[in-house]
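Only one structure is covered here, and it is reproduced in the block below.
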Amino acid sequence: MKKIFLAIIVTGLIAGSAMFNSCSKKIDEQNMSYPMINPTRTDANAGTWKPILLTAANEFPVAAPIATTSPDYIIQLNEIKSFQNNITPDERKLVEYWGAGAVLRWNEIMRELVALHNLPPYQNADGTYPIPSANNPLAYPTFPFANPPYAARAYAYLSAAQYDACISAYFYKQQFNRAAPFTVDATIQTLLPKSTLPSYPSEDAVVMGASVEMLKLLFPGDQDYINQRAEEHKKARLIAGANVRSDLDAGEALGKAIAAKFIARARGDRAGTAVGNSTIWAKLKSDCVARGETPWLSQETPERPPMLPVFGAVKTFLFDSLTMVTSIRPGPPPSTSSQKFKDETEEIYQITKNLTREQLRIADFWADGARTYTPPGHWNYIAATDFAQQNFSEARWARNMALLNMSLMDAAVVCWDAKNFYYNPRPMQVDPRIKTGIGLPNFPAYISGHSTFSGAAATVLGYIIPGRAQAYTDMAKEASVSRMYGAIHFRSDCEVGITTGNKVGSYAIARGHIDGAE
Amino acid sequence: MKSPLQRVLQKIFFCNLLLLGFMQAKAQTDIDGLMMQKNFFCVGPTAGYSSWKNYWEGTLKRDNLNMGRVSTTNFMLMGNYGITKKLNVLFGLPYVKTKASAGNMAGQKGLQDLSLMVKWVPYQKHIYKGDFQTFLIGGYSTPVSNYTADFLPLSIGLRSKNAIIRGMIDYQRNHLFATASYTYIARSNVNIDRYTYYTTEMHYTNEVKMPDASQWNFRAGYRSETLIAEAVFNKWTTLGGFDIPRNGMPFVSNKMNATSIGLNLKYETPVDGLSVVANGSTTVAGRNVGQSSGFNAGVFYIFDFSKKKKTTKKADTKTENKTKTK
């Protein structure tokens with residue numbers, strides 16, 4: 001009897017651990033379940049929308065396509081047929097993956113590269129810090145350090161270039177009106193919802209071409225990976241029967257040409273000097289002291305210079321620098337010698353003393369620190385997930401992402417301008433009893449970056465999907481207050497950050513009203 | 001006629017903790033060659049402290065001026081009940097508190113993971129003038145509080161539910177003994193507070209795939225009725241996982257490996273059923289863990305729940321038991 005009992009226990013344990021091991025580890029990731037693009041409105045007129053940098057949708061020429069009756073075209077149809085002759089399950093997955101949308105997937109690729117590169121460099125032996133170099137991206141410290149301002153700018157350039165590329169492609173689609181391969185030849189299968197748009201040049205390829213060039217500029221050490229994803233994207237379009245090779249080649253070439261214009265802008269937008277130098281760093285501090293305030297001090301050992309202190313001088317997309325200084329830059333924070341400042345410091349200490357698990361969860365959820373896609377990336381993810389439910393056309397995806405990301409970059413510029421203009425300390429600098437439950441950013445407190453980003457994003461997304469406006473406002477508030485729960489920001493940083501972000505967002509809405517897409 | 005080993009095993013209960021930087025406190029009562037007699041219940045508290053200043057970022061050993069010395073204090077309640085002398089059940093429940101001596105990261109504290117184990121002796125034999133025993137141990141552990149695993153190295157644990165299967169052999173001749181075991185730890189995926197994270201690629205889920213782990217443990221030394229002194233070698237290997245990137249923070253699914261050596265002492269006090277334990281250990285090699293050193297101490301008492309002895313006083317029971325077996 002006893003032996004039977006023992007045998008049951010042992011068998012149970014072995015079986016239990018085996019099951020435990022094999023059954024429960026597979027994870028379904030959210031970004032693998034996006035629906036395939038199947039727009040309710042085709043936005044066939046997107047070629048008439050207002051470009052961002054292009055002088056006109058047809059600033060860069062596209063050669064007329066070969067006729068669908070020509071022998072070369074037949075060869076291209078046969079290329080599709082050879083791909084379709086024996087499609088593997090992996091190829092089907094590839095088609096579905098890219099079928100969710102070119103703007104979506106290339107945005108996602110950038111988020112991944114941002115997360116990969118979002119690590120602060122380790123100090124030199126003499127206590128200084130090395131600065132990553134775009135000219136030597138693979139040497140340590142690898143280029144870039146994709147911190148929040150860098151990332152905000154990267155997302156904006158990617159999205160803006162994708163948008164101009166898209167409307168240009170839509171312009172030429174109408175001009176050349178070449179039918180899609182599955183229309184020309186009924187034996188071509190279509191593994192994606194059939195688009196009624198002309199297929200030359202391909203909107204997927206134009207987005208891909210523009211994205212590849214922007215990504216190579218922003219992540220020069222990752223070109224191999226970027227090219228590999230581009231090849232995969234083109235292959236998916238061919239297997240799907242959605243484009244012939246010449247649709248893709250024309251789109252890719254157009255996208256690359258348009259990207260060059262954005263690259264030229266990026267090289268001259270002053271981001272290259274945003275890191276500052278020791279003279280600038282010393283002056284930020286002495287100016288603050290001269291105003292009678294306690295200046296921000298790095299809490300890291302060895303002391304690290306502030307993150308991109310001159311990023312406030314970067315050229316914005318939605319307004320000029322004069323407007324920024326006169327109409328958007330917030331007023332000063334509570335003086336570091338005021339009672340209000342003391343009260344706000346005490347408030348943060350009390351939060352850390354009585355922190356609930358739910359408050360810690362909120363702080364963690366929005367932390368978006370090192371090795372993440374940053375707060376702008378988080379809002380890109382929120383946007384992408386919601387846009388995927390809206391049945392947008394590729395052009396509308398591009399337009400909405402561009403509005404969002406231009407506002408996020410400009411929010412970064414406005415925020416970094418305020419941070420380094422006021423140079424206000426963080427809570428634990430003035431009260432060492434305060435410890436943080438999340439990473440402490442190495443730059444001044446006022447105004448909160450998370451709050452500014454979130455204020456801008458919630459405003460723009462509420463305009464794009466009005467039914468979700470309240471939800472976005474609530475998310476922004478939570479992202480903002482999460483910085484108080486994390487004990488790295490005062491209440492004033494967060495509240496003024498949100499209202500400043502809202503103002504930045506309203507400039508994106510103003511552009512949305514006149515871009516021809518409404 | 002019982003062997004010296006069996007006599008010792010009747011009442012000796014030995015506990016220690018293995019504390020690895022970044023890792024969970026582990027009850028080790030389940031990894032020694034000792035068993036409780038039928039209906040005996042050994043229970044007691046332990047307290048421990050361990051710390052590290054250097055850690056392995058992947059394979060690179062470094063310090064971190066923004067953390068200083070990272071320390072872990074633990075208090076643990078452990079127990080071991082003899083269903084029969086060949087089948088024991090064990091439990092352990094630690095309270096853990098972490099702290100960094102420098103920088104601004106807040107230490108964490110709370111109840112960690114409850115572990116339950118079944119320890120069985122399927123085979124034993126008297127050979128070469130000594131006693132040879134085999135053990136089969138199965139166990140399960142699960143978090144009992146809602147701590148975060150995503151604040152390493154200050155998180156108090158890793159949150160995975162673990163199923164453990166261990167094979168162990170023990171040989172004792174006179175007062176000298178040696179024990180060897182191999183353990184496979186099947187670890188469940190864990191949930192974190194955010195819905196995206198980066199390992200060696202981007203993930204869009206709050207669920208983190210946890211690699212399983214294995215553990216080799218060797219111990220040898222002196223074992224008598226009143227004293228045990230043993231040296232311990234332990235090697236923990238994570239079967240998968242990734243390295244901390246340059247100047248990055250540790251993550252719950254890192255490839256955490258650690259090799260440690262230690263010394264255990266256990267003394268049976270003159271008060272019948274009352275024993276004290278102490279041990280120290282240090283990490284000699286590792287990967288993605290702190291190079292931690294620490295010590296633990298504990299007090300244990302054996303309660304006798306034998307029905308036939310119910311009317312007898314405990315001390316008498318023990319004496320009688322001892323006499324009977326001698």
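Order determines the names: the first chain of the structure tokens is A, the second B, and so forth; residues in each chain are numbered 1 upward, and ligands are numbered 1 upward as they are shown.
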- Query: Could you name the residues that touch A:Pro220 at 9 Å or less, counting only C-alpha atoms, but leaving out those on the same chain fewer than 4 positions away, as a count of residues only?
  - Reply: 9
- Task: Identify every residue of chain B that has at least one atom within 7 Å of any atom of chain A, counting only C-alpha atoms, and report the result as a PyMOL selection string.
- Result: chain B and resi 65-66+104-106+138+163+186+188-189+193-194+197-198+202-205+209+247-248
- Test item, alpha helix (DSSP H) assignment across stretch 238-354 of chain A, answer as a VMD selection string: chain A and resid 238 to 239 245 to 267 278 to 290 321 to 323 339 to 353
- Item | Test item: residues at most 7 Å from A:Ala146, only C-alpha atoms, excluding those fewer than 2 positions along its chain, as a ChimeraX atom specification | /A:114,117-118,144,148,150-151
- Message: Which residues are near B:Trp120? Cut-off 8 Å, only C-alpha atoms, ignore same chain within fewer than 4 positions. Put them as a VMD selection string.
- Response: chain B and resid 86 to 88 135 to 137
- Using only C-alpha atoms, which of the listed residues (A:Ala476, A:Ala102, A:Val207, A:Ala274) sits closest to A:Ala259?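 Looking only at the distances to A:Ala259, the closest residue turns out to be A:Val207.
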- Of the candidates A:Val206, A:Glu346, A:Ser133, A:Lys93, which shows the shortest atom-to-atom distance to A:Glu232, using only C-alpha atoms? A:Lys93
- Query: Hey, what's within 9 Å of B:Met249 if we count only C-alpha atoms and toss same-chain stuff fewer than 5 positions away? As a PyMOL selection string, please?
  - Reply: (chain A and resi 370-371) or (chain B and resi 57+151-153+244)
- Contact residues around B:Tyr222 with only C-alpha atoms at 9 Å, ignoring same-chain residues under 6 positions, as a PyMOL selection string: chain B and resi 175-178+228-230
